[in-house]
Every structure is written in C-alpha cells, then in structure tokens.
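> Encoded as structure tokens, here's the structure I'll be asking about.
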Amino acid sequence: MQDKRVQEVYNSYFIFNNERALSTDTPSELSVTDLTSYATYVDKTRRYDNQIIVRDICNLESLDNSLELFDINLPLEISVEPKAITPELNSWLSSHEFTNVFEHEFLQLTQENLLASNDSSNAINVEVWGHSKVDDFLSLLKTSGVSCSDDIWLKKRSLYCTDKFRSYVAFVNGMPCAWATSFFESKHVILANAYTQEEFRGRGCQKALLDARIKDAFDNGIEVVLTDVELNSTSSRNCKSFGFTSVGVRNVWCKEI
C-alpha cells in the first residue's frame, strides 16, 4: 500500500509522537521490528504506542510469538492491509479476542492534484505559531482535554511549535478556537492532530486549517502531503475536496483491556 519512503516517514512520525507524549516523562522503551510481512511497535512505557501492522500474508505462528512481546495490560492495535487479509488471519484475530473496530484510510496529495479551496470562511484567520508561542499553544491544547504537568512540559516543550512539528491556530473574532499540527520530514509532510473547541464547531475552522497547512507545506518545498483518517469520515471528505486521493485502507482490530 505504501512505498518504502512513505513507510519511513510514518515510522519517523510514530517515533516522534512517542517522544513528545505529554502523559509521561518516563524514558521510552520503544522497540520497532520491521519484518517482510509485518512490523511491530512495542513500548511498555506508553499506553497507546503498541501495535502490529500486517502488510502481507504472514506466518501465524510468527504472529503468535510477536504477541508475547506486548504487555497484556496495555491496549494493542493490529492493522491489516488488504493483501494480508485471509480467512485464516481473520480467524486468528478473533480467536485472540480482537475485534474489527474501524477502517483506517491513507490519503496523499501532490501540488499537481491540489484543488482550489472554495469555502473557507473569511471570518477565520489562521496563524502559524513559532516557538515563542509554545506555552500559549500548551494552554490551547489543554482546552481539548490534554493534561501535562509543569515538569513534563519543561522536558517536552522543545518539541512543539518548531519547523519540524509546526502548529497552526485558527481564530474567530480574534479568539483562538481551533488548532492543527503538521510533521515535516524531508520532502513529505504528515497532517497530524487537529481539534476545534465545541462551541466553534461547524464554522469551517478545520477546512481553514487544512487549507493553511497544505499551502504552508508546498510553500516550504514539500512534494507530497500525507494524512490518515477514518474511512468515510468528515475528515476524509474534507481532504478529498482539496484533491487528496486514497492510497489504501487498513482494517484496524483492537482488544478490550
């Protein structure tokens, strides 16, 4: 589904997210094993950084052995690409109490395929916040439910509002009410997290932020814009209205803890 370079970009993004996690300052124990047919991401210090990506038909005994790497008390997500799906794998997942929860769609955009934006509201202003605004950005993050102690923030703040991990803030009537981020890696960028405060939803903030991030990416020499969304979601439709095309879908299986 993804070429080797795009896989490397997503791996870099995963490792970066693992490092910037605001829930803990415990040193990461992330271990990534990339095999021919699947890859494992294991970190017993991070609640949400444990997953297996199955890219091709694989040996189920090998998968059994890989399960032993994970802490049974932490959530584990297994993502399966279309060419890896077999009745045997589906049976194996069900027998290990995994449930197919949603479909994860991967999108990409080049400048040649970019469509003109047509309905971002003129009432919405978007700013790129540099590192001098990093503490203000944390305050905005906290409006979305993010919690972070002062000690953790001192250790992690250097990773936010940088040229590599860029932060965009939308204003309505002069009030910061929505935000989004982008992860820059060589000639690629991944559109990362995004959030709009509840009382400002439905006004086009995320479309304005999407437009701003795309323009900023191409203005900075990016060749391919990448993102991942839930299939058939509003985010998917918004991206496709700008010219993004689907490059594949993964079935995501999860186990309740």
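Letters A, B, ... go to the chains of the structure tokens in the order shown; residues in each chain start at 1; ligands are counted from 1 in the same order.
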I want to know what sits within 9 Å of range 216-231 of chain A, based on only C-alpha atoms, with residues of the same chain fewer than 5 positions away left out; could you give that as a PyMOL selection string?
chain A and resi 6+102-111+182+184-192+211+236+239+244+249
> Selected residues, C-alpha atoms, written as an mmCIF file, in the first residue's frame, please.

```
data_model
loop_
_atom_site.group_PDB
_atom_site.id
_atom_site.type_symbol
_atom_site.label_atom_id
_atom_site.label_comp_id
_atom_site.auth_asym_id
_atom_site.auth_seq_id
_atom_site.Cartn_x
_atom_site.Cartn_y
_atom_site.Cartn_z
ATOM 1 C CA VAL A 6 6.354 6.759 2.846
ATOM 2 C CA PHE A 102 -12.814 0.639 12.089
ATOM 3 C CA GLU A 103 -11.180 1.188 8.716
ATOM 4 C CA HIS A 104 -8.155 3.470 8.511
ATOM 5 C CA GLU A 105 -7.754 5.318 5.201
ATOM 6 C CA PHE A 106 -4.441 6.748 3.964
ATOM 7 C CA LEU A 107 -4.501 9.792 1.702
ATOM 8 C CA GLN A 108 -1.911 11.763 -0.223
ATOM 9 C CA LEU A 109 -1.755 14.999 -2.200
ATOM 10 C CA THR A 110 0.745 16.465 -4.656
ATOM 11 C CA GLN A 111 0.732 20.065 -5.825
ATOM 12 C CA SER A 182 1.963 19.104 10.703
ATOM 13 C CA PHE A 184 7.709 17.734 8.275
ATOM 14 C CA GLU A 185 10.104 15.005 7.146
ATOM 15 C CA SER A 186 12.341 15.621 4.116
ATOM 16 C CA LYS A 187 10.057 16.177 1.099
ATOM 17 C CA HIS A 188 6.974 14.807 2.870
ATOM 18 C CA VAL A 189 4.629 16.220 5.472
ATOM 19 C CA ILE A 190 2.057 14.393 7.577
ATOM 20 C CA LEU A 191 -1.018 16.321 8.631
ATOM 21 C CA ALA A 192 -1.184 15.408 12.294
ATOM 22 C CA ASP A 211 -6.062 24.909 3.601
ATOM 23 C CA SER A 236 -11.843 12.153 4.660
ATOM 24 C CA CYS A 239 -9.327 16.198 2.442
ATOM 25 C CA PHE A 244 -6.329 14.177 -1.783
ATOM 26 C CA VAL A 249 -7.228 1.263 3.677
#
```
> Please identify all polymer residues within 12 Å of Asn238 in chain A, counting only C-alpha atoms, omitting same-chain residues fewer than 2 positions from it, and present them as an NGL selection string.
:A and (107 or 115 or 117-120 or 204-211 or 227 or 229-236 or 240-245)
> Which residue out of A:Ile52, A:Val134, A:Leu93, A:Val146 has the minimum interatomic distance to Phe165 in chain A when only C-alpha atoms are used?
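Using only C-alpha atoms, Phe165 in chain A sits closest to A:Val134.
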> Out of range 8-238 of chain A, which residues get strand (DSSP E) from DSSP, as a PyMOL selection string?
chain A and resi 31-34+38-42+51-54+77-80+99-109+124-129+165-172+175-185+188-196+224-230
> Just the number, please: distance in Å from CA of Thr181 in chain A to CA of Tyr168 in chain A, one decimal.
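Between these atoms lies a distance of 6.0 Å.
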> Write out as a VMD selection string the residues lying within 8 Å of Asn125 in chain A, counting only C-alpha atoms and excluding same-chain residues fewer than 5 positions away.
chain A and resid 170 to 172 208
> May I have all residues of range 26-195 of chain A that DSSP, computed from the backbone, assigns to helix (DSSP H, G or I), given as a PyMOL selection string?
chain A and resi 60-67+82-84+87-95+111-113+131-142+150-159
> Could you please take those selected residues and save C-alpha atoms as a compact mmCIF listing (two decimals), in the first residue's frame?

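And here's selection.txt as it stands now:
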```
# COMPACT_ATOMS: atom_id res chain seq x y z
CA LEU A 60 0.54 -17.07 12.08
CA GLU A 61 2.95 -18.88 14.37
CA SER A 62 5.31 -15.92 13.98
CA LEU A 63 2.47 -13.57 14.89
CA ASP A 64 1.79 -15.68 17.98
CA ASN A 65 5.40 -15.24 19.01
CA SER A 66 5.18 -11.49 18.43
CA LEU A 67 2.18 -11.20 20.76
CA PRO A 82 -5.97 -5.61 2.12
CA LYS A 83 -3.49 -8.05 0.59
CA ALA A 84 -2.80 -9.52 4.03
CA PRO A 87 -9.87 -16.25 6.37
CA GLU A 88 -7.08 -17.77 8.45
CA LEU A 89 -5.86 -14.39 9.70
CA ASN A 90 -9.40 -13.25 10.49
CA SER A 91 -9.95 -16.45 12.45
CA TRP A 92 -6.64 -15.98 14.26
CA LEU A 93 -7.57 -12.42 15.25
CA SER A 94 -10.99 -13.48 16.51
CA SER A 95 -9.53 -16.39 18.45
CA GLN A 111 0.73 20.07 -5.83
CA GLU A 112 -0.36 18.96 -9.30
CA ASN A 113 -3.53 17.44 -7.84
CA HIS A 131 8.40 28.50 19.33
CA SER A 132 7.95 31.86 21.07
CA LYS A 133 4.25 30.91 21.39
CA VAL A 134 4.84 27.38 22.62
CA ASP A 135 3.45 27.96 26.13
CA ASP A 136 0.35 29.59 24.66
CA PHE A 137 -0.04 26.53 22.45
CA LEU A 138 0.01 24.26 25.51
CA SER A 139 -2.77 26.37 27.03
CA LEU A 140 -4.77 25.84 23.85
CA LEU A 141 -4.07 22.10 23.90
CA LYS A 142 -5.46 21.92 27.41
CA ASP A 150 4.95 21.52 34.59
CA ASP A 151 7.85 19.07 34.95
CA ILE A 152 6.86 17.09 31.86
CA TRP A 153 6.30 20.26 29.83
CA LEU A 154 9.79 21.53 30.64
CA LYS A 155 11.17 18.32 29.14
CA LYS A 156 8.88 18.24 26.09
CA ARG A 157 8.24 21.87 25.12
CA SER A 158 11.29 21.99 22.79
CA LEU A 159 9.48 19.51 20.50
```
